[in-house]
file input-v6.cif (mmCIF, C-alpha atoms)
data_model
#
loop_
_atom_site.group_PDB
_atom_site.id
_atom_site.type_symbol
_atom_site.label_atom_id
_atom_site.label_comp_id
_atom_site.auth_asym_id
_atom_site.auth_seq_id
_atom_site.Cartn_x
_atom_site.Cartn_y
_atom_site.Cartn_z
ATOM 1 C CA MET H 1083 70.891 70.748 124.395
ATOM 2 C CA THR H 1084 71.569 69.816 120.777
ATOM 3 C CA PHE H 1085 71.913 71.753 117.549
ATOM 4 C CA PRO H 1086 70.715 70.445 114.203
ATOM 5 C CA THR H 1087 73.895 70.726 112.165
ATOM 6 C CA THR H 1088 75.363 69.265 109.050
ATOM 7 C CA ALA H 1089 78.919 70.104 110.078
ATOM 8 C CA ALA H 1090 79.451 66.794 111.798
ATOM 9 C CA ALA H 1091 79.074 63.608 109.884
ATOM 10 C CA GLY H 1092 77.761 61.727 112.874
ATOM 11 C CA GLY H 1093 74.519 63.613 113.558
ATOM 12 C CA PRO H 1094 73.531 66.314 116.042
ATOM 13 C CA LEU H 1095 76.159 67.940 118.273
ATOM 14 C CA SER H 1096 76.061 68.799 121.946
ATOM 15 C CA MET H 1097 76.496 72.475 122.825
ATOM 16 C CA GLY H 1098 80.078 71.896 123.972
ATOM 17 C CA GLU H 1099 80.998 70.045 120.781
ATOM 18 C CA HIS H 1100 79.361 72.728 118.670
ATOM 19 C CA GLU H 1101 81.415 75.430 120.370
ATOM 20 C CA GLN H 1102 84.611 73.392 120.142
ATOM 21 C CA GLN H 1103 84.124 72.707 116.421
ATOM 22 C CA SER H 1104 83.262 76.347 115.751
ATOM 23 C CA ARG H 1105 86.423 77.507 117.513
ATOM 24 C CA ALA H 1106 88.585 74.979 115.691
ATOM 25 C CA ILE H 1107 87.326 75.904 112.225
ATOM 26 C CA GLN H 1108 87.518 79.622 113.037
ATOM 27 C CA ARG H 1109 91.151 79.227 114.076
ATOM 28 C CA ARG H 1110 91.953 77.195 110.956
ATOM 29 C CA ALA H 1111 90.303 79.743 108.660
ATOM 30 C CA ASP H 1112 92.067 82.590 110.474
ATOM 31 C CA ARG H 1113 95.446 81.013 109.804
ATOM 32 C CA TRP H 1114 94.725 81.140 106.050
ATOM 33 C CA LEU H 1115 93.256 84.640 106.272
ATOM 34 C CA ILE H 1116 96.207 86.027 108.272
ATOM 35 C CA ALA H 1117 98.782 84.362 106.003
ATOM 36 C CA GLY H 1118 96.962 85.643 102.890
ATOM 37 C CA THR H 1119 96.700 89.187 104.239
ATOM 38 C CA GLY H 1120 100.349 89.108 105.336
ATOM 39 C CA LEU H 1121 101.457 88.055 101.845
ATOM 40 C CA MET H 1122 99.251 90.643 100.137
ATOM 41 C CA GLY H 1123 100.497 93.274 102.600
ATOM 42 C CA THR H 1124 104.007 92.912 101.221
ATOM 43 C CA LEU H 1125 102.721 94.330 97.902
ATOM 44 C CA VAL H 1126 105.169 92.282 95.826
ATOM 45 C CA LEU H 1127 103.612 88.938 96.822
ATOM 46 C CA GLY H 1128 100.021 90.180 96.429
ATOM 47 C CA ILE H 1129 99.154 87.689 93.707
ATOM 48 C CA VAL H 1130 100.297 84.792 95.903
ATOM 49 C CA GLY H 1131 98.354 86.055 98.917
ATOM 50 C CA LEU H 1132 94.957 86.412 97.262
ATOM 51 C CA PRO H 1133 94.203 82.672 96.763
ATOM 52 C CA VAL H 1134 95.458 81.937 100.292
ATOM 53 C CA PHE H 1135 93.063 84.565 101.662
ATOM 54 C CA CYS H 1136 90.184 83.232 99.541
ATOM 55 C CA ARG H 1137 90.761 79.733 100.905
ATOM 56 C CA GLY H 1138 90.223 81.126 104.442
ATOM 57 C CA LEU H 1139 87.000 82.814 103.337
ATOM 58 C CA TYR H 1140 85.822 79.584 101.730
ATOM 59 C CA LEU H 1141 86.446 77.643 104.958
ATOM 60 C CA LEU H 1142 84.440 80.191 106.978
ATOM 61 C CA ARG H 1143 81.574 80.139 104.487
ATOM 62 C CA LYS H 1144 81.459 76.352 104.521
ATOM 63 C CA ALA H 1145 81.381 76.353 108.329
ATOM 64 C CA GLN H 1146 78.550 78.909 108.334
ATOM 65 C CA ARG H 1147 76.521 76.796 105.957
ATOM 66 C CA GLY H 1148 77.175 73.786 108.148
ATOM 67 C CA GLY H 1149 75.537 75.595 111.082
ATOM 68 C CA LEU H 1150 78.662 76.413 113.100
ATOM 69 C CA SER H 1151 78.950 79.774 114.856
ATOM 70 C CA VAL H 1152 81.852 81.604 113.241
ATOM 71 C CA ARG H 1153 82.600 85.301 112.742
ATOM 72 C CA PRO H 1154 80.205 87.060 110.295
ATOM 73 C CA THR H 1155 81.678 87.339 106.774
ATOM 74 C CA MET H 1156 81.277 91.119 106.664
ATOM 75 C CA VAL H 1157 83.280 91.527 109.899
ATOM 76 C CA THR H 1158 86.013 89.269 108.461
ATOM 77 C CA LEU H 1159 86.158 91.173 105.172
ATOM 78 C CA ILE H 1160 86.176 94.664 106.714
ATOM 79 C CA GLY H 1161 88.741 93.739 109.404
ATOM 80 C CA PHE H 1162 91.213 92.137 107.028
ATOM 81 C CA VAL H 1163 90.782 94.706 104.250
ATOM 82 C CA ILE H 1164 91.549 97.467 106.764
ATOM 83 C CA ILE H 1165 94.667 95.646 107.973
ATOM 84 C CA LEU H 1166 95.698 95.156 104.340
ATOM 85 C CA ASP H 1167 95.067 98.790 103.451
ATOM 86 C CA ALA H 1168 97.127 100.019 106.413
ATOM 87 C CA ALA H 1169 99.900 97.472 105.742
ATOM 88 C CA LEU H 1170 100.192 98.366 102.052
ATOM 89 C CA ASN H 1171 100.350 102.067 102.794
ATOM 90 C CA SER H 1172 102.771 101.534 105.670
ATOM 91 C CA ILE H 1173 105.302 99.473 103.704
ATOM 92 C CA GLY H 1174 105.540 102.020 100.914
ATOM 93 C CA TRP H 1175 105.639 105.061 103.151
ATOM 94 C CA ALA H 1176 107.907 103.442 105.760
ATOM 95 C CA LEU H 1177 110.433 102.834 102.958
ATOM 96 C CA ASP H 1178 110.093 106.453 101.893
ATOM 97 C CA LEU H 1179 110.504 107.668 105.478
ATOM 98 C CA PHE H 1180 113.219 105.388 106.852
ATOM 99 C CA ALA H 1181 114.926 103.803 103.831
ATOM 100 C CA ASN H 1182 114.841 106.581 101.264
ATOM 101 C CA HIS H 1183 118.466 106.041 100.260
ATOM 102 C CA ALA H 1184 118.141 102.289 99.698
ATOM 103 C CA LEU H 1185 118.690 101.238 96.100
ATOM 104 C CA ILE H 1186 115.168 99.805 95.755
ATOM 105 C CA THR H 1187 113.590 103.043 97.012
ATOM 106 C CA ARG H 1188 115.714 105.270 94.799
ATOM 107 C CA THR H 1189 114.896 103.232 91.698
ATOM 108 C CA VAL H 1190 111.322 101.976 92.184
ATOM 109 C CA PHE H 1191 109.912 105.082 93.876
ATOM 110 C CA THR H 1192 111.353 107.575 91.446
ATOM 111 C CA ALA H 1193 110.283 105.427 88.476
ATOM 112 C CA TRP H 1194 106.780 105.210 89.929
ATOM 113 C CA GLY H 1195 106.888 108.957 90.604
ATOM 114 C CA ASN H 1196 107.965 109.673 87.062
ATOM 115 C CA LEU H 1197 105.041 107.588 85.832
ATOM 116 C CA ILE H 1198 102.099 108.971 87.844
ATOM 117 C CA ASP H 1199 103.084 111.287 90.724
ATOM 118 C CA ALA H 1200 106.033 113.666 90.567
ATOM 119 C CA GLY H 1201 105.791 114.106 94.341
ATOM 120 C CA TYR H 1202 108.053 111.043 94.287
ATOM 121 C CA PHE H 1203 110.342 112.321 91.548
ATOM 122 C CA TRP H 1204 110.676 116.097 91.904
ATOM 123 C CA HIS H 1205 113.619 116.863 94.260
ATOM 124 C CA TYR H 1206 113.500 113.316 95.598
ATOM 125 C CA ASN H 1207 116.029 112.858 98.444
ATOM 126 C CA GLU H 1208 117.059 116.499 98.265
ATOM 127 C CA LEU H 1209 115.483 117.796 101.498
ATOM 128 C CA TRP H 1210 117.067 117.299 104.947
ATOM 129 C CA ILE H 1211 114.935 114.254 105.741
ATOM 130 C CA GLY H 1212 115.159 112.525 102.356
ATOM 131 C CA GLY H 1213 112.433 110.771 100.400
ATOM 132 C CA ALA H 1214 109.500 112.585 98.792
ATOM 133 C CA GLY H 1215 110.029 116.317 98.416
ATOM 134 C CA ALA H 1216 106.530 117.443 97.393
ATOM 135 C CA PRO H 1217 105.022 120.194 99.563
ATOM 136 C CA GLY H 1218 103.303 118.734 102.613
ATOM 137 C CA GLU H 1219 103.845 115.120 101.578
ATOM 138 C CA LYS H 1220 106.234 114.200 104.379
ATOM 139 C CA ALA H 1221 103.828 115.412 107.088
ATOM 140 C CA TRP H 1222 101.094 113.136 105.708
ATOM 141 C CA VAL H 1223 103.538 110.230 105.516
ATOM 142 C CA MET H 1224 104.565 110.707 109.136
ATOM 143 C CA VAL H 1225 101.106 111.138 110.632
ATOM 144 C CA CYS H 1226 99.905 108.044 108.783
ATOM 145 C CA VAL H 1227 102.867 105.717 109.347
ATOM 146 C CA LEU H 1228 103.499 106.733 112.956
ATOM 147 C CA ILE H 1229 99.957 107.333 114.229
ATOM 148 C CA ALA H 1230 96.953 106.557 112.036
ATOM 149 C CA PHE H 1231 97.917 103.201 110.499
ATOM 150 C CA PRO H 1232 99.251 101.503 113.667
ATOM 151 C CA MET H 1233 96.028 102.529 115.418
ATOM 152 C CA ARG H 1234 93.910 101.209 112.564
ATOM 153 C CA ILE H 1235 95.729 97.876 112.524
ATOM 154 C CA ALA H 1236 95.373 97.479 116.314
ATOM 155 C CA ALA H 1237 91.672 98.380 116.127
ATOM 156 C CA ALA H 1238 91.079 95.988 113.211
ATOM 157 C CA ILE H 1239 92.723 93.100 115.084
ATOM 158 C CA ALA H 1240 90.440 93.668 118.098
ATOM 159 C CA PHE H 1241 87.481 94.058 115.717
ATOM 160 C CA LEU H 1242 88.272 90.646 114.218
ATOM 161 C CA GLN H 1243 88.345 89.232 117.755
ATOM 162 C CA MET H 1244 84.802 90.646 118.089
ATOM 163 C CA LYS H 1245 85.766 92.948 120.953
ATOM 164 C CA ARG H 1246 83.728 96.047 121.603
ATOM 165 C CA TRP H 1247 86.724 98.385 121.812
ATOM 166 C CA GLY H 1248 87.788 97.071 118.400
ATOM 167 C CA HIS H 1249 84.449 98.127 116.920
ATOM 168 C CA GLN H 1250 84.570 101.523 118.651
ATOM 169 C CA TRP H 1251 88.179 102.249 117.688
ATOM 170 C CA LEU H 1252 87.609 101.107 114.128
ATOM 171 C CA ILE H 1253 84.898 103.770 113.890
ATOM 172 C CA VAL H 1254 87.335 106.351 115.293
ATOM 173 C CA THR H 1255 90.189 105.349 112.981
ATOM 174 C CA CYS H 1256 87.940 105.089 109.906
ATOM 175 C CA TRP H 1257 86.972 108.714 110.541
ATOM 176 C CA PHE H 1258 90.713 109.415 110.769
ATOM 177 C CA GLY H 1259 90.873 107.822 107.325
ATOM 178 C CA ILE H 1260 88.298 110.259 105.959
ATOM 179 C CA ILE H 1261 90.298 113.222 107.277
ATOM 180 C CA VAL H 1262 93.558 111.787 105.911
ATOM 181 C CA TRP H 1263 92.050 111.173 102.469
ATOM 182 C CA MET H 1264 90.393 114.571 102.271
ATOM 183 C CA GLY H 1265 93.468 116.426 103.497
ATOM 184 C CA TYR H 1266 95.743 114.481 101.188
ATOM 185 C CA ILE H 1267 93.534 115.072 98.124
ATOM 186 C CA PHE H 1268 93.251 118.790 98.931
ATOM 187 C CA ASN H 1269 97.041 118.892 99.187
ATOM 188 C CA MET H 1270 97.438 117.059 95.858
ATOM 189 C CA THR H 1271 95.044 119.463 94.157
ATOM 190 C CA MET H 1272 96.638 122.619 95.633
ATOM 191 C CA TYR H 1273 100.090 121.483 94.463
ATOM 192 C CA ALA H 1274 98.893 119.745 91.296
ATOM 193 C CA ASP H 1275 101.486 121.581 89.201
ATOM 194 C CA VAL H 1276 104.302 120.046 91.238
ATOM 195 C CA ARG H 1277 102.815 116.566 91.201
ATOM 196 C CA TYR H 1278 101.658 116.217 87.615
ATOM 197 C CA THR H 1279 104.038 118.246 85.473
ATOM 198 C CA ALA H 1280 105.931 116.062 82.977
ATOM 199 C CA VAL H 1281 104.766 112.706 84.395
ATOM 200 C CA GLY H 1282 103.749 109.775 82.168
ATOM 201 C CA PHE H 1283 100.067 109.536 83.175
ATOM 202 C CA PRO H 1284 98.972 112.666 85.017
ATOM 203 C CA VAL H 1285 95.720 112.662 87.064
ATOM 204 C CA ILE H 1286 94.160 109.480 85.659
ATOM 205 C CA GLY H 1287 97.172 107.333 86.506
ATOM 206 C CA TRP H 1288 97.247 108.548 90.110
ATOM 207 C CA TRP H 1289 93.512 108.057 90.655
ATOM 208 C CA ALA H 1290 93.466 104.618 89.033
ATOM 209 C CA PHE H 1291 96.219 103.467 91.399
ATOM 210 C CA ASN H 1292 95.038 105.114 94.614
ATOM 211 C CA ILE H 1293 91.267 104.835 94.529
ATOM 212 C CA PHE H 1294 91.498 101.367 96.083
ATOM 213 C CA TYR H 1295 92.643 102.930 99.347
ATOM 214 C CA ILE H 1296 89.192 104.334 100.144
ATOM 215 C CA THR H 1297 88.365 101.460 102.525
ATOM 216 C CA PRO H 1298 87.303 103.781 105.389
ATOM 217 C CA PHE H 1299 84.623 105.298 103.158
ATOM 218 C CA LEU H 1300 83.171 101.870 102.569
ATOM 219 C CA ALA H 1301 83.374 100.605 106.162
ATOM 220 C CA ILE H 1302 81.818 103.581 107.995
ATOM 221 C CA PRO H 1303 78.148 102.909 107.040
ATOM 222 C CA TYR H 1304 78.474 99.272 108.129
ATOM 223 C CA LEU H 1305 80.226 100.132 111.395
ATOM 224 C CA HIS H 1306 77.494 102.608 112.333
ATOM 225 C CA THR H 1307 74.562 100.317 111.500
ATOM 226 C CA VAL H 1308 75.785 96.893 112.664
ATOM 227 C CA ASN H 1309 74.182 95.513 115.837
ATOM 228 C CA ARG H 1310 76.874 96.425 118.388
ATOM 229 C CA GLU H 1311 75.664 93.745 120.797
ATOM 230 C CA ILE H 1312 77.531 91.133 118.740
ATOM 231 C CA PHE H 1313 80.808 92.656 120.034
ATOM 232 C CA SER H 1314 81.738 91.652 123.577
ATOM 233 C CA ASP H 1315 83.193 93.784 126.385
ATOM 234 C CA MET I 343 61.864 100.600 111.585
ATOM 235 C CA HIS I 344 62.852 102.522 114.671
ATOM 236 C CA ASP I 345 62.835 106.297 114.209
ATOM 237 C CA GLN I 346 66.413 106.640 115.448
ATOM 238 C CA ASP I 347 67.586 104.002 112.955
ATOM 239 C CA ARG I 348 65.873 105.852 110.161
ATOM 240 C CA ARG I 349 67.589 109.112 111.123
ATOM 241 C CA ARG I 350 70.946 107.343 111.401
ATOM 242 C CA LYS I 351 70.544 105.824 107.923
ATOM 243 C CA ARG I 352 69.566 109.168 106.452
ATOM 244 C CA GLY I 353 72.615 110.773 108.087
ATOM 245 C CA LEU I 354 74.889 108.096 106.677
ATOM 246 C CA ILE I 355 73.468 108.541 103.182
ATOM 247 C CA ALA I 356 74.049 112.303 103.433
ATOM 248 C CA PHE I 357 77.590 111.653 104.664
ATOM 249 C CA GLN I 358 78.321 109.341 101.743
ATOM 250 C CA VAL I 359 76.938 111.777 99.189
ATOM 251 C CA PHE I 360 79.176 114.429 100.755
ATOM 252 C CA VAL I 361 82.447 112.463 100.842
ATOM 253 C CA TYR I 362 82.072 110.836 97.432
ATOM 254 C CA GLY I 363 80.967 114.214 96.072
ATOM 255 C CA MET I 364 84.129 115.819 97.452
ATOM 256 C CA LEU I 365 86.267 113.114 95.863
ATOM 257 C CA ILE I 366 84.583 113.508 92.485
ATOM 258 C CA ALA I 367 84.887 117.306 92.740
ATOM 259 C CA MET I 368 88.643 117.088 93.402
ATOM 260 C CA PHE I 369 89.079 114.616 90.543
ATOM 261 C CA ALA I 370 87.102 116.928 88.250
ATOM 262 C CA ILE I 371 89.233 119.938 89.241
ATOM 263 C CA GLN I 372 92.420 117.990 88.511
ATOM 264 C CA LEU I 373 91.015 116.776 85.168
ATOM 265 C CA GLN I 374 90.083 120.318 84.227
ATOM 266 C CA MET I 375 93.638 121.456 85.042
ATOM 267 C CA TYR I 376 95.007 118.552 83.005
ATOM 268 C CA LEU I 377 93.020 119.692 79.980
ATOM 269 C CA THR I 378 94.199 123.304 80.200
ATOM 270 C CA ARG I 379 97.852 122.888 81.148
ATOM 271 C CA HIS I 380 100.803 121.322 79.416
ATOM 272 C CA TRP I 381 101.450 118.516 81.876
#
call {"tool": "encode", "arguments": {"input": "input-v6.cif", "output": "structure tokens"}}
result
Amino acid sequence: MTFPTTAAAGGPLSMGEHEQQSRAIQRRADRWLIAGTGLMGTLVLGIVGLPVFCRGLYLLRKAQRGGLSVRPTMVTLIGFVIILDAALNSIGWALDLFANHALITRTVFTAWGNLIDAGYFWHYNELWIGGAGAPGEKAWVMVCVLIAFPMRIAAAIAFLQMKRWGHQWLIVTCWFGIIVWMGYIFNMTMYADVRYTAVGFPVIGWWAFNIFYITPFLAIPYLHTVNREIFSD
Amino acid sequence: MHDQDRRRKRGLIAFQVFVYGMLIAMFAIQLQMYLTRHW
């Protein structure tokens, strides 16, 4: 059996060759995508990671156009954006939870808190556990860093491998994301006086920074409507 | 389109209206507080 493809310079491919080439290009693109996401996940190196990630996307797109069977672009985007979202949140909150007396945390977090969210300024490092002192904040940090985000990252990795449990658990953990967002925003609003009094950019500053974390809102419609047969057992 | 698909899509649209509506409502409440308090 042969496939009409433009991926190979030398004409049509056999089925085995087609599969081999598809796997090879998928692996190559994934190396760029993983490296790019890893760099962006550090927060500080985000600008460096973006072009690396885009190069991976470009390779996948080129392979698709050439007729090779690679992972659908939407699956790639959703999977990696979810890993990135969880990684970005985890690094910040893990510092607040475990390294709240480090010099970088005491300076950067309180400066950031003073700018847009006094939850990270008001009584910072004054409670028994250290870090953010805003009412309820630490409970959200712990449930996210210890439970929700590790589960989301594991689910997103399996989702990128096109496994069925990855798809199912991404649905579960994206719904977690909705609950986390809603609960967190309710908490912010209830204790708005603590979080916004005397900060540089109250309300608008916080929303402008944090609105990009709504990935689960965006992924849920896709996850519920995609043909689930494309994910294997 | 299959009837079940249509119902699922309608449910998802309702869900999105609800969650984005909640977000906007919370933002609006915070903005309103911002305008009336001396933050």
call {"tool": "closest_atom_pairs", "arguments": {"input": "input-v6.cif", "of": "chain I", "to": "chain H", "cutoff": "9 Å", "atoms": "all atoms listed in the file", "output": "Markdown table"}}
result
| residue | atom | partner | partner_atom | distance |
| --- | --- | --- | --- | --- |
| I:Asp347 | CA | H:Thr1307 | CA | 8.0 |
| I:Arg350 | CA | H:Thr1307 | CA | 7.9 |
| I:Lys351 | CA | H:Thr1307 | CA | 7.7 |
| I:Leu354 | CA | H:Pro1303 | CA | 6.1 |
| I:Ile355 | CA | H:Pro1303 | CA | 8.3 |
| I:Gln358 | CA | H:Phe1299 | CA | 7.6 |
| I:Val361 | CA | H:Phe1299 | CA | 7.8 |
| I:Tyr362 | CA | H:Phe1299 | CA | 8.4 |
| I:Met364 | CA | H:Met1264 | CA | 8.0 |
| I:Leu365 | CA | H:Met1264 | CA | 7.8 |
| I:Met368 | CA | H:Thr1271 | CA | 6.9 |
| I:Phe369 | CA | H:Val1285 | CA | 7.7 |
| I:Ile371 | CA | H:Thr1271 | CA | 7.6 |
| I:Gln372 | CA | H:Thr1271 | CA | 6.4 |
| I:Leu373 | CA | H:Val1285 | CA | 6.5 |
| I:Met375 | CA | H:Ala1274 | CA | 8.3 |
| I:Tyr376 | CA | H:Val1285 | CA | 7.2 |
| I:Arg379 | CA | H:Thr1279 | CA | 8.9 |
| I:His380 | CA | H:Thr1279 | CA | 7.5 |
| I:Trp381 | CA | H:Thr1279 | CA | 4.4 |
call {"tool": "closest_residue", "arguments": {"input": "input-v6.cif", "among": "H:Gly1123, H:Leu1170, H:Val1163, H:Ala1111", "to": "Arg1143 (chain H)", "atoms": "only C-alpha atoms"}}
result
H:Ala1111
call {"tool": "resolve_selection", "arguments": {"input": "input-v6.cif", "expression": "the PyMOL selection byres ((chain H and resi 1145) around 10)", "output": "number ranges by chain"}}
result
H: 1088-1089, 1103-1104, 1107-1108, 1111, 1139-1144, 1146-1152
call {"tool": "resolve_selection", "arguments": {"input": "input-v6.cif", "expression": "the PyMOL selection byres ((chain H and resi 1239) around 12)", "output": "JSON, numbers by chain"}}
result
{"H": [1112, 1116, 1157, 1158, 1160, 1161, 1162, 1163, 1164, 1165, 1166, 1168, 1232, 1233, 1234, 1235, 1236, 1237, 1238, 1240, 1241, 1242, 1243, 1244, 1245, 1246, 1247, 1248, 1249, 1251, 1252]}
call {"tool": "write_last_selection", "arguments": {"input": "input-v6.cif", "atoms": "C-alpha atoms", "output": "mmCIF file, in the coordinates of the input"}}
result
data_model
loop_
_atom_site.group_PDB
_atom_site.id
_atom_site.type_symbol
_atom_site.label_atom_id
_atom_site.label_comp_id
_atom_site.auth_asym_id
_atom_site.auth_seq_id
_atom_site.Cartn_x
_atom_site.Cartn_y
_atom_site.Cartn_z
ATOM 1 C CA ASP H 1112 92.067 82.590 110.474
ATOM 2 C CA ILE H 1116 96.207 86.027 108.272
ATOM 3 C CA VAL H 1157 83.280 91.527 109.899
ATOM 4 C CA THR H 1158 86.013 89.269 108.461
ATOM 5 C CA ILE H 1160 86.176 94.664 106.714
ATOM 6 C CA GLY H 1161 88.741 93.739 109.404
ATOM 7 C CA PHE H 1162 91.213 92.137 107.028
ATOM 8 C CA VAL H 1163 90.782 94.706 104.250
ATOM 9 C CA ILE H 1164 91.549 97.467 106.764
ATOM 10 C CA ILE H 1165 94.667 95.646 107.973
ATOM 11 C CA LEU H 1166 95.698 95.156 104.340
ATOM 12 C CA ALA H 1168 97.127 100.019 106.413
ATOM 13 C CA PRO H 1232 99.251 101.503 113.667
ATOM 14 C CA MET H 1233 96.028 102.529 115.418
ATOM 15 C CA ARG H 1234 93.910 101.209 112.564
ATOM 16 C CA ILE H 1235 95.729 97.876 112.524
ATOM 17 C CA ALA H 1236 95.373 97.479 116.314
ATOM 18 C CA ALA H 1237 91.672 98.380 116.127
ATOM 19 C CA ALA H 1238 91.079 95.988 113.211
ATOM 20 C CA ALA H 1240 90.440 93.668 118.098
ATOM 21 C CA PHE H 1241 87.481 94.058 115.717
ATOM 22 C CA LEU H 1242 88.272 90.646 114.218
ATOM 23 C CA GLN H 1243 88.345 89.232 117.755
ATOM 24 C CA MET H 1244 84.802 90.646 118.089
ATOM 25 C CA LYS H 1245 85.766 92.948 120.953
ATOM 26 C CA ARG H 1246 83.728 96.047 121.603
ATOM 27 C CA TRP H 1247 86.724 98.385 121.812
ATOM 28 C CA GLY H 1248 87.788 97.071 118.400
ATOM 29 C CA HIS H 1249 84.449 98.127 116.920
ATOM 30 C CA TRP H 1251 88.179 102.249 117.688
ATOM 31 C CA LEU H 1252 87.609 101.107 114.128
#
call {"tool": "axis_aligned_box", "arguments": {"input": "input-v6.cif", "around": "region 359-363 of chain I", "padding_each_side": "5 Å", "output": "JSON"}}
result
{"center_x": 79.7, "center_y": 112.6, "center_z": 98.5, "size_x": 15.5, "size_y": 13.6, "size_z": 14.8}
call {"tool": "closest_residue", "arguments": {"input": "input-v6.cif", "among": "H:Leu1179, H:Val1254, H:Gly1138, H:Gly1131", "to": "Arg1110 (chain H)", "atoms": "only C-alpha atoms"}}
result
H:Gly1138
call {"tool": "resolve_selection", "arguments": {"input": "input-v6.cif", "expression": "the PyMOL selection byres ((chain H and resi 1207-1217) around 8)", "output": "NGL selection string"}}
result
:H and (1178-1179 or 1182-1183 or 1200-1206 or 1218-1220 or 1273 or 1276-1277)
call {"tool": "decode", "arguments": {"input": "input-v6.cif", "residues": "region 354-368 of chain I", "atoms": "N, CA and C atoms", "output": "PDB file, in the first residue's frame"}}
result
ATOM      1  N   LEU I 354     -22.662  23.041  26.509  1.00  0.00           N
ATOM      2  CA  LEU I 354     -21.347  23.674  26.618  1.00  0.00           C
ATOM      3  C   LEU I 354     -21.439  25.186  26.458  1.00  0.00           C
ATOM      4  N   ILE I 355     -22.336  25.626  25.567  1.00  0.00           N
ATOM      5  CA  ILE I 355     -22.518  27.075  25.393  1.00  0.00           C
ATOM      6  C   ILE I 355     -23.070  27.680  26.690  1.00  0.00           C
ATOM      7  N   ALA I 356     -24.063  26.984  27.281  1.00  0.00           N
ATOM      8  CA  ALA I 356     -24.640  27.470  28.539  1.00  0.00           C
ATOM      9  C   ALA I 356     -23.569  27.512  29.624  1.00  0.00           C
ATOM     10  N   PHE I 357     -22.735  26.487  29.671  1.00  0.00           N
ATOM     11  CA  PHE I 357     -21.656  26.431  30.657  1.00  0.00           C
ATOM     12  C   PHE I 357     -20.693  27.612  30.489  1.00  0.00           C
ATOM     13  N   GLN I 358     -20.356  27.900  29.224  1.00  0.00           N
ATOM     14  CA  GLN I 358     -19.410  28.996  28.987  1.00  0.00           C
ATOM     15  C   GLN I 358     -20.011  30.346  29.349  1.00  0.00           C
ATOM     16  N   VAL I 359     -21.275  30.539  29.000  1.00  0.00           N
ATOM     17  CA  VAL I 359     -21.942  31.788  29.382  1.00  0.00           C
ATOM     18  C   VAL I 359     -21.902  31.934  30.901  1.00  0.00           C
ATOM     19  N   PHE I 360     -22.144  30.820  31.603  1.00  0.00           N
ATOM     20  CA  PHE I 360     -22.162  30.842  33.063  1.00  0.00           C
ATOM     21  C   PHE I 360     -20.778  31.186  33.641  1.00  0.00           C
ATOM     22  N   VAL I 361     -19.731  30.459  33.205  1.00  0.00           N
ATOM     23  CA  VAL I 361     -18.431  30.698  33.858  1.00  0.00           C
ATOM     24  C   VAL I 361     -17.847  32.058  33.478  1.00  0.00           C
ATOM     25  N   TYR I 362     -17.958  32.440  32.219  1.00  0.00           N
ATOM     26  CA  TYR I 362     -17.437  33.766  31.856  1.00  0.00           C
ATOM     27  C   TYR I 362     -18.270  34.861  32.511  1.00  0.00           C
ATOM     28  N   GLY I 363     -19.583  34.599  32.632  1.00  0.00           N
ATOM     29  CA  GLY I 363     -20.461  35.555  33.319  1.00  0.00           C
ATOM     30  C   GLY I 363     -20.050  35.747  34.771  1.00  0.00           C
ATOM     31  N   MET I 364     -19.720  34.619  35.436  1.00  0.00           N
ATOM     32  CA  MET I 364     -19.284  34.697  36.835  1.00  0.00           C
ATOM     33  C   MET I 364     -18.001  35.512  36.952  1.00  0.00           C
ATOM     34  N   LEU I 365     -17.070  35.257  36.034  1.00  0.00           N
ATOM     35  CA  LEU I 365     -15.805  35.998  36.052  1.00  0.00           C
ATOM     36  C   LEU I 365     -16.048  37.492  35.901  1.00  0.00           C
ATOM     37  N   ILE I 366     -16.869  37.837  34.892  1.00  0.00           N
ATOM     38  CA  ILE I 366     -17.139  39.254  34.633  1.00  0.00           C
ATOM     39  C   ILE I 366     -17.838  39.887  35.837  1.00  0.00           C
ATOM     40  N   ALA I 367     -18.769  39.116  36.446  1.00  0.00           N
ATOM     41  CA  ALA I 367     -19.489  39.630  37.619  1.00  0.00           C
ATOM     42  C   ALA I 367     -18.518  39.933  38.761  1.00  0.00           C
ATOM     43  N   MET I 368     -17.573  39.014  39.008  1.00  0.00           N
ATOM     44  CA  MET I 368     -16.609  39.234  40.097  1.00  0.00           C
ATOM     45  C   MET I 368     -15.712  40.434  39.796  1.00  0.00           C
TER      46      MET I 368
END
